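Have a look at coords-v2.csv; it's CSV, C-alpha atoms:
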```
chain,number,residue,atom,x,y,z
A,1,MET,CA,-5.2,-37.2,81.1
A,2,ASN,CA,-3.1,-38.9,83.7
A,3,ALA,CA,-0.3,-36.5,83.0
A,4,ALA,CA,-2.5,-33.5,83.3
A,5,LEU,CA,-3.8,-34.8,86.7
A,6,VAL,CA,-0.2,-35.3,87.9
A,7,VAL,CA,0.9,-31.8,86.8
A,8,GLU,CA,-2.2,-30.1,88.3
A,9,ALA,CA,-1.7,-31.9,91.6
A,10,LEU,CA,1.9,-30.8,91.7
A,11,LYS,CA,0.9,-27.2,91.0
A,12,LEU,CA,-1.5,-27.2,93.9
A,13,ARG,CA,0.8,-29.1,96.3
A,14,ARG,CA,3.7,-26.7,95.7
A,15,SER,CA,1.7,-23.5,95.6
A,16,PRO,CA,1.6,-21.2,98.6
A,17,VAL,CA,-2.1,-20.6,97.9
A,18,GLY,CA,-3.0,-24.2,98.4
A,19,LEU,CA,-0.8,-24.5,101.5
A,20,LEU,CA,-2.3,-21.4,103.1
A,21,ALA,CA,-5.8,-22.4,102.3
A,22,THR,CA,-5.3,-25.9,103.8
A,23,CYS,CA,-3.7,-24.4,107.0
A,24,ALA,CA,-6.6,-21.9,107.3
A,25,LEU,CA,-9.2,-24.6,107.0
A,26,LEU,CA,-7.6,-27.1,109.2
A,27,ALA,CA,-5.2,-25.5,111.7
A,28,GLY,CA,-7.2,-22.2,111.7
A,29,THR,CA,-10.4,-24.0,112.6
A,30,LEU,CA,-8.8,-26.0,115.4
A,31,LEU,CA,-7.1,-22.9,116.8
A,32,LEU,CA,-10.4,-20.9,116.8
A,33,LEU,CA,-12.1,-23.8,118.6
A,34,GLY,CA,-9.3,-23.9,121.2
A,35,GLY,CA,-9.6,-20.1,121.6
A,36,ILE,CA,-13.4,-20.3,122.1
A,37,THR,CA,-12.9,-23.1,124.6
A,38,ALA,CA,-10.3,-21.1,126.6
A,39,ALA,CA,-12.6,-18.1,126.6
A,40,VAL,CA,-15.5,-20.1,127.9
A,41,VAL,CA,-13.4,-21.7,130.6
A,42,GLU,CA,-12.4,-18.2,131.7
A,43,GLY,CA,-16.0,-17.1,131.7
A,44,ASN,CA,-15.7,-14.4,129.0
A,45,PRO,CA,-19.3,-13.1,128.7
A,46,GLN,CA,-18.9,-11.6,125.2
A,47,ILE,CA,-17.5,-14.8,123.7
A,48,ILE,CA,-20.0,-17.0,125.5
A,49,ALA,CA,-22.9,-14.8,124.1
A,50,LYS,CA,-21.5,-14.8,120.6
A,51,ALA,CA,-20.6,-18.5,120.5
A,52,GLY,CA,-24.1,-19.7,121.3
A,53,PRO,CA,-24.3,-23.5,121.2
A,54,ALA,CA,-20.5,-23.6,120.8
A,55,ALA,CA,-20.1,-22.2,124.3
A,56,SER,CA,-20.9,-25.6,125.8
A,57,LEU,CA,-17.8,-27.4,127.1
A,58,ASP,CA,-18.6,-30.8,125.7
A,59,TRP,CA,-18.7,-32.6,122.4
A,60,SER,CA,-21.9,-30.9,121.3
A,61,GLY,CA,-20.4,-27.5,121.8
A,62,LEU,CA,-17.2,-28.5,120.0
A,63,THR,CA,-18.9,-29.9,117.0
A,64,ALA,CA,-21.3,-26.9,116.9
A,65,GLY,CA,-18.4,-24.5,116.9
A,66,ALA,CA,-16.7,-26.4,114.1
A,67,ALA,CA,-19.8,-26.3,112.0
A,68,GLN,CA,-20.1,-22.5,112.6
A,69,ILE,CA,-16.5,-21.8,111.7
A,70,THR,CA,-16.6,-24.0,108.6
A,71,SER,CA,-19.9,-22.4,107.4
A,72,ALA,CA,-18.4,-19.0,107.7
A,73,GLY,CA,-15.0,-19.5,106.2
A,74,ALA,CA,-14.8,-22.5,104.1
A,75,LEU,CA,-16.5,-21.0,101.0
A,76,ILE,CA,-13.9,-18.2,100.9
A,77,ALA,CA,-10.9,-20.6,101.2
A,78,PHE,CA,-12.3,-23.0,98.5
A,79,GLY,CA,-13.2,-20.1,96.2
A,80,VAL,CA,-9.8,-18.5,96.4
A,81,VAL,CA,-8.1,-21.8,95.6
A,82,LEU,CA,-10.3,-22.3,92.6
A,83,ALA,CA,-9.7,-18.8,91.4
A,84,TRP,CA,-6.0,-19.4,91.6
A,85,MET,CA,-6.1,-22.8,89.9
A,86,PHE,CA,-7.9,-21.4,86.9
A,87,GLY,CA,-6.8,-17.8,87.0
A,88,ARG,CA,-3.0,-18.3,87.3
A,89,GLU,CA,-2.8,-19.5,83.7
A,90,PHE,CA,-4.0,-16.1,82.5
A,91,ALA,CA,-2.2,-14.1,85.2
A,92,ASP,CA,1.2,-15.8,84.5
A,93,GLY,CA,0.7,-16.0,80.8
A,94,THR,CA,1.1,-19.8,80.8
A,95,ILE,CA,-2.2,-20.2,79.0
A,96,THR,CA,-0.4,-19.7,75.6
A,97,GLY,CA,1.8,-22.8,76.2
A,98,LEU,CA,-1.2,-25.0,76.9
A,99,PHE,CA,-2.3,-24.7,73.3
A,100,ALA,CA,0.9,-26.5,72.2
A,101,LEU,CA,0.3,-29.5,74.5
A,102,PRO,CA,-1.2,-32.8,73.1
A,103,VAL,CA,-3.8,-32.7,75.9
A,104,SER,CA,-6.9,-30.6,75.0
A,105,ARG,CA,-7.8,-27.6,77.1
A,106,GLY,CA,-11.0,-29.2,78.0
A,107,ARG,CA,-9.2,-32.2,79.6
A,108,ILE,CA,-6.8,-29.8,81.3
A,109,ALA,CA,-9.8,-28.0,82.9
A,110,LEU,CA,-11.3,-31.4,84.0
A,111,ALA,CA,-7.9,-32.3,85.5
A,112,LYS,CA,-7.9,-29.1,87.5
A,113,LEU,CA,-11.4,-29.8,88.7
A,114,ALA,CA,-10.6,-33.4,89.6
A,115,VAL,CA,-7.5,-32.3,91.6
A,116,TYR,CA,-9.6,-29.6,93.3
A,117,ALA,CA,-12.3,-32.2,94.2
A,118,GLY,CA,-9.6,-34.5,95.6
A,119,TRP,CA,-8.2,-31.7,97.7
A,120,VAL,CA,-11.7,-30.8,99.0
A,121,LEU,CA,-12.3,-34.5,99.9
A,122,LEU,CA,-9.0,-34.7,101.7
A,123,VAL,CA,-9.8,-31.6,103.7
A,124,SER,CA,-13.4,-32.8,104.4
A,125,ILE,CA,-12.0,-36.0,106.0
A,126,THR,CA,-9.1,-34.4,107.8
A,127,LEU,CA,-11.1,-31.7,109.5
A,128,PRO,CA,-13.5,-33.9,111.4
A,129,LEU,CA,-10.6,-36.1,112.5
A,130,GLY,CA,-8.8,-33.0,113.8
A,131,VAL,CA,-12.0,-32.0,115.7
A,132,LEU,CA,-12.2,-35.5,117.1
A,133,ALA,CA,-8.5,-35.3,118.3
A,134,LEU,CA,-9.1,-31.9,119.9
A,135,GLY,CA,-12.1,-33.2,121.8
A,136,LEU,CA,-10.2,-36.2,123.1
A,137,LEU,CA,-7.3,-33.8,124.1
A,138,LEU,CA,-9.8,-31.6,126.0
A,139,GLY,CA,-11.0,-34.6,127.9
A,140,TYR,CA,-14.5,-34.8,126.6
A,141,GLY,CA,-14.5,-38.6,126.8
A,142,HIS,CA,-15.4,-41.3,124.3
A,143,PRO,CA,-17.7,-39.9,121.6
A,144,GLY,CA,-21.2,-41.3,121.4
A,145,ALA,CA,-23.4,-41.9,118.4
A,146,GLU,CA,-24.6,-38.3,118.2
A,147,VAL,CA,-21.0,-37.1,118.2
A,148,TRP,CA,-20.2,-39.3,115.3
A,149,ARG,CA,-23.3,-38.1,113.4
A,150,SER,CA,-22.1,-34.5,114.0
A,151,LEU,CA,-18.6,-35.3,112.7
A,152,ALA,CA,-20.2,-36.9,109.7
A,153,ARG,CA,-22.3,-33.8,109.1
A,154,LEU,CA,-19.1,-31.7,109.4
A,155,CYS,CA,-17.4,-33.8,106.8
A,156,LEU,CA,-20.4,-33.5,104.4
A,157,LEU,CA,-20.7,-29.8,105.1
A,158,THR,CA,-17.1,-29.2,104.1
A,159,ALA,CA,-17.4,-31.3,100.9
A,160,LEU,CA,-20.6,-29.5,99.9
A,161,THR,CA,-19.2,-26.1,100.6
A,162,GLY,CA,-16.3,-27.0,98.2
A,163,ALA,CA,-18.9,-28.0,95.6
A,164,ALA,CA,-20.8,-24.7,96.1
A,165,ALA,CA,-17.6,-22.8,95.1
A,166,ALA,CA,-17.5,-24.4,91.7
A,167,PRO,CA,-19.0,-21.4,89.8
A,168,VAL,CA,-15.8,-19.5,90.6
A,169,ALA,CA,-13.9,-21.7,88.1
A,170,TRP,CA,-16.3,-20.8,85.3
A,171,VAL,CA,-16.4,-17.1,86.0
A,172,THR,CA,-12.6,-17.0,86.3
A,173,THR,CA,-12.3,-18.7,82.9
A,174,LEU,CA,-14.8,-16.4,81.2
A,175,ALA,CA,-13.2,-13.2,82.6
A,176,ARG,CA,-9.7,-14.7,82.2
A,177,SER,CA,-8.9,-13.0,85.5
A,178,LEU,CA,-7.7,-14.3,88.9
A,179,LEU,CA,-9.2,-11.2,90.5
A,180,ALA,CA,-12.5,-11.9,88.9
A,181,GLY,CA,-12.5,-15.3,90.5
A,182,VAL,CA,-11.7,-13.8,94.0
A,183,GLY,CA,-14.5,-11.2,93.4
A,184,THR,CA,-16.9,-14.0,92.5
A,185,THR,CA,-16.0,-15.8,95.7
A,186,ILE,CA,-16.9,-12.8,97.8
A,187,LEU,CA,-20.1,-12.4,95.8
A,188,LEU,CA,-21.1,-16.0,96.5
A,189,VAL,CA,-20.5,-15.5,100.3
A,190,VAL,CA,-22.7,-12.3,100.1
A,191,LEU,CA,-25.5,-14.2,98.2
A,192,ALA,CA,-25.4,-17.0,100.7
A,193,GLN,CA,-25.9,-14.5,103.6
A,194,VAL,CA,-28.6,-12.6,101.8
A,195,GLY,CA,-30.4,-15.9,101.0
A,196,VAL,CA,-30.4,-16.9,104.6
A,197,LEU,CA,-31.7,-13.5,105.8
A,198,ALA,CA,-34.4,-13.6,103.1
A,199,GLY,CA,-35.6,-17.0,104.3
A,200,SER,CA,-34.7,-18.9,101.1
A,201,GLY,CA,-31.5,-20.5,102.3
A,202,GLY,CA,-32.7,-24.0,102.1
A,203,TRP,CA,-33.4,-23.6,98.3
A,204,LEU,CA,-30.2,-21.6,97.8
A,205,PRO,CA,-27.4,-24.1,96.9
A,206,LEU,CA,-24.8,-21.7,98.4
A,207,ALA,CA,-26.4,-21.7,101.8
A,208,ALA,CA,-28.2,-25.0,102.1
A,209,PRO,CA,-25.1,-27.0,103.4
A,210,ALA,CA,-24.5,-24.6,106.2
A,211,LEU,CA,-28.2,-24.5,107.3
A,212,TRP,CA,-28.4,-28.3,107.1
A,213,ALA,CA,-25.3,-28.7,109.3
A,214,LEU,CA,-26.1,-26.0,111.8
A,215,SER,CA,-29.6,-27.3,112.3
A,216,GLY,CA,-28.5,-30.8,112.9
A,217,GLY,CA,-29.9,-32.0,109.6
A,218,GLN,CA,-33.4,-30.7,110.3
A,219,ALA,CA,-33.8,-27.4,108.4
A,220,VAL,CA,-32.8,-28.7,104.9
A,221,ASP,CA,-34.0,-31.8,103.1
A,222,PRO,CA,-32.0,-34.1,100.8
A,223,VAL,CA,-33.5,-32.5,97.6
A,224,GLN,CA,-32.3,-29.1,98.7
A,225,LEU,CA,-28.8,-30.5,99.4
A,226,ALA,CA,-28.8,-32.1,96.0
A,227,LEU,CA,-29.1,-28.7,94.4
A,228,THR,CA,-25.6,-27.9,95.6
A,229,VAL,CA,-24.3,-31.0,93.9
A,230,ALA,CA,-26.2,-30.0,90.7
A,231,LEU,CA,-24.7,-26.5,90.9
A,232,ALA,CA,-21.2,-28.0,91.0
A,233,LEU,CA,-21.9,-30.4,88.1
A,234,VAL,CA,-23.4,-27.6,85.9
A,235,SER,CA,-20.5,-25.3,86.8
A,236,ALA,CA,-17.9,-28.1,86.0
A,237,THR,CA,-19.6,-28.7,82.6
A,238,LEU,CA,-19.6,-25.0,81.7
A,239,THR,CA,-16.0,-24.6,82.8
A,240,GLY,CA,-14.9,-27.6,80.7
A,241,THR,CA,-16.8,-26.2,77.7
A,242,ALA,CA,-15.3,-22.7,78.1
A,243,TRP,CA,-11.8,-24.1,78.3
A,244,SER,CA,-12.3,-26.2,75.2
A,245,ARG,CA,-13.4,-23.1,73.3
A,246,LEU,CA,-10.5,-20.9,74.4
A,247,GLN,CA,-8.9,-18.8,71.7
A,248,LEU,CA,-5.5,-17.1,71.6
A,249,ASP,CA,-6.8,-14.0,70.1
A,250,ARG,CA,-8.7,-12.9,73.2
```

Write out the structure in this file as structure tokens.
Amino acid sequence: MNAALVVEALKLRRSPVGLLATCALLAGTLLLLGGITAAVVEGNPQIIAKAGPAASLDWSGLTAGAAQITSAGALIAFGVVLAWMFGREFADGTITGLFALPVSRGRIALAKLAVYAGWVLLVSITLPLGVLALGLLLGYGHPGAEVWRSLARLCLLTALTGAAAAPVAWVTTLARSLLAGVGTTILLVVLAQVGVLAGSGGWLPLAAPALWALSGGQAVDPVQLALTVALALVSATLTGTAWSRLQLDR
């Protein structure tokens, strides 16, 4: 199992998909926040109107903007990485060689999920630290208690969004297709948006983390947030089971 973890970690670390997704989540978010700040300073009325709470030139505006950007884009980035991690074996034809390894396919799948979870955790911790550094660079002063709570919510939002993308691994395995995984990612984003518009976002695991963070922790209760974790655990179980039952004749 340890060998599988090392191999999967090396695959992700050396892959352009993992690198691009990490840059998009971290550098992309900070660049967008910087762009919004510059537009607000210049008095751009369109950006100010669209930014909403993020148009405030202080810590509250910065953290609100970070939550908005993460809510909109993180699910796509996480889903694409999961689709690549599980779909590349089928796309590259390396799945055949896995049957000759002493490590079972189920354990390999769990190793992939463990590496993915570690990467999500790393991004979840690094992103709030980047926002904190940007705020200090912009001269917003020493962060107060509410700022730290907002940064903590951003950390949990990122982690839960990564958990919400877990079904992508299962669908990618069932379809044996990287493109199916990417398509599932898009479907998850659409379902999250439809759920919010329909008013059921708090009970929809895909949308609950974003609603919770954007409302300052008021619009979603802990039970609803727990559904996102449950979705990830069920998806991980189904993925491990599907990998353990893989056959070469399909």

Margin query: I'd like the neighbourhood of Gly144 of chain A as a list in words, where a residue qualifies if any of its atoms comes within 12 Å (using only C-alpha atoms), though same-chain residues fewer than 3 positions away should be ignored.
Written below: Asp58, Trp59, Ser60, Leu132, Tyr140, Gly141, Val147, Trp148, Arg149, Ser150 and Leu151 of chain A

For segment 35-44 of chain A: contacts at 12 Å, only C-alpha atoms, fewer than 4 positions along chain excluded, given as a list in words: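 Here the answer would be Gly28, Thr29, Leu30, Leu31, Ile48, Ala49, Lys50, Ala51, Gly52, Pro53, Ala54, Ala55, Ser56, Leu57, Asp58, Trp59, Gly61, Leu62, Thr63, Ala64, Gly65, Ala66, Gln68, Ile69, Leu134, Gly135, Leu138 and Tyr140 of chain A.
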
Inset, instruction - Tell me, as a ChimeraX atom specification, which residues lie within 12 Å of segment 15-17 of chain A, counting all atoms listed in the file; anything in the same chain fewer than 2 positions away does not count. - result: /A:8-13,19-24,77-85,88

Note to self: I'd like to know which of A:Ala219, A:Ala91, A:Ala133, A:Ala198 is closest to Ala180 of chain A, using only C-alpha atoms.
What the structure shows: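 Under the stated criterion, the closest residue is A:Ala91.
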
Expressed in Å, the length from atom CA of Pro205 of chain A to atom CA of Val229 of chain A is 8.1 Å

7 Å contact set for segment 157-172 of chain A, all atoms listed in the file, chain neighbours under 4 positions out, as a PyMOL selection string: chain A and resi 70+74-75+78-79+82-83+86-87+120-121+124+153+176-178+180-181+184-185+205-206+209-210+213+228-229+231-232+235-236+238-239

**OP:** Rounded to one decimal place, report the atom CA of Arg245 of chain A-atom CA of Leu179 of chain A distance in Å.
**Re:**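 Answer for the atom CA of Arg245 of chain A to atom CA of Leu179 of chain A separation: 21.3 Å.
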
Check your understanding: Excluding same-chain residues fewer than 6 positions from Asn2 of chain A, what lies within 12 Å of it counting only C-alpha atoms, as a list in words?
Key -> Glu8, Ala9, Val103, Arg107, Ile108, Leu110, Ala111, Lys112, Ala114 and Val115 of chain A

Put those residues in a file: C-alpha atoms, as a PDB file, in the coordinates of the input.
```pdb
ATOM      1  CA  GLU A   8      -2.200 -30.100  88.300  1.00  0.00           C
ATOM      2  CA  ALA A   9      -1.700 -31.900  91.600  1.00  0.00           C
ATOM      3  CA  VAL A 103      -3.800 -32.700  75.900  1.00  0.00           C
ATOM      4  CA  ARG A 107      -9.200 -32.200  79.600  1.00  0.00           C
ATOM      5  CA  ILE A 108      -6.800 -29.800  81.300  1.00  0.00           C
ATOM      6  CA  LEU A 110     -11.300 -31.400  84.000  1.00  0.00           C
ATOM      7  CA  ALA A 111      -7.900 -32.300  85.500  1.00  0.00           C
ATOM      8  CA  LYS A 112      -7.900 -29.100  87.500  1.00  0.00           C
ATOM      9  CA  ALA A 114     -10.600 -33.400  89.600  1.00  0.00           C
ATOM     10  CA  VAL A 115      -7.500 -32.300  91.600  1.00  0.00           C
TER      11      VAL A 115
END
```

Can you write segment 228-245 of chain A from the block above with N, CA and C atoms, as a JSON list (two decimals), in the first residue's frame?
```json
[["chain", "number", "residue", "atom", "x", "y", "z"],
["A", 228, "THR", "N", -22.14, 16.35, 2.51],
["A", 228, "THR", "CA", -21.04, 16.41, 1.54],
["A", 228, "THR", "C", -19.97, 15.39, 1.89],
["A", 229, "VAL", "N", -19.66, 15.28, 3.17],
["A", 229, "VAL", "CA", -18.68, 14.28, 3.61],
["A", 229, "VAL", "C", -19.20, 12.88, 3.34],
["A", 230, "ALA", "N", -20.50, 12.66, 3.60],
["A", 230, "ALA", "CA", -21.10, 11.35, 3.35],
["A", 230, "ALA", "C", -21.04, 11.00, 1.87],
["A", 231, "LEU", "N", -21.29, 11.98, 1.01],
["A", 231, "LEU", "CA", -21.22, 11.75, -0.43],
["A", 231, "LEU", "C", -19.81, 11.30, -0.83],
["A", 232, "ALA", "N", -18.80, 11.94, -0.26],
["A", 232, "ALA", "CA", -17.42, 11.58, -0.57],
["A", 232, "ALA", "C", -17.10, 10.16, -0.11],
["A", 233, "LEU", "N", -17.56, 9.80, 1.09],
["A", 233, "LEU", "CA", -17.27, 8.47, 1.62],
["A", 233, "LEU", "C", -17.97, 7.38, 0.80],
["A", 234, "VAL", "N", -19.22, 7.63, 0.44],
["A", 234, "VAL", "CA", -19.94, 6.66, -0.38],
["A", 234, "VAL", "C", -19.27, 6.51, -1.75],
["A", 235, "SER", "N", -18.89, 7.64, -2.34],
["A", 235, "SER", "CA", -18.24, 7.60, -3.65],
["A", 235, "SER", "C", -16.91, 6.87, -3.58],
["A", 236, "ALA", "N", -16.15, 7.10, -2.51],
["A", 236, "ALA", "CA", -14.86, 6.41, -2.35],
["A", 236, "ALA", "C", -15.06, 4.91, -2.22],
["A", 237, "THR", "N", -16.09, 4.51, -1.47],
["A", 237, "THR", "CA", -16.38, 3.08, -1.31],
["A", 237, "THR", "C", -16.78, 2.45, -2.64],
["A", 238, "LEU", "N", -17.64, 3.12, -3.38],
["A", 238, "LEU", "CA", -18.08, 2.61, -4.67],
["A", 238, "LEU", "C", -16.91, 2.53, -5.66],
["A", 239, "THR", "N", -16.04, 3.53, -5.60],
["A", 239, "THR", "CA", -14.87, 3.52, -6.50],
["A", 239, "THR", "C", -13.93, 2.37, -6.18],
["A", 240, "GLY", "N", -13.64, 2.17, -4.89],
["A", 240, "GLY", "CA", -12.77, 1.06, -4.50],
["A", 240, "GLY", "C", -13.36, -0.28, -4.89],
["A", 241, "THR", "N", -14.68, -0.42, -4.71],
["A", 241, "THR", "CA", -15.35, -1.67, -5.08],
["A", 241, "THR", "C", -15.29, -1.90, -6.59],
["A", 242, "ALA", "N", -15.53, -0.84, -7.36],
["A", 242, "ALA", "CA", -15.49, -0.95, -8.82],
["A", 242, "ALA", "C", -14.11, -1.34, -9.31],
["A", 243, "TRP", "N", -13.07, -0.78, -8.69],
["A", 243, "TRP", "CA", -11.71, -1.12, -9.10],
["A", 243, "TRP", "C", -11.36, -2.56, -8.72],
["A", 244, "SER", "N", -11.83, -3.00, -7.59],
["A", 244, "SER", "CA", -11.53, -4.38, -7.17],
["A", 244, "SER", "C", -12.21, -5.41, -8.06],
["A", 245, "ARG", "N", -13.24, -5.00, -8.78],
["A", 245, "ARG", "CA", -13.98, -5.91, -9.68],
["A", 245, "ARG", "C", -13.65, -5.70, -11.15]]
```
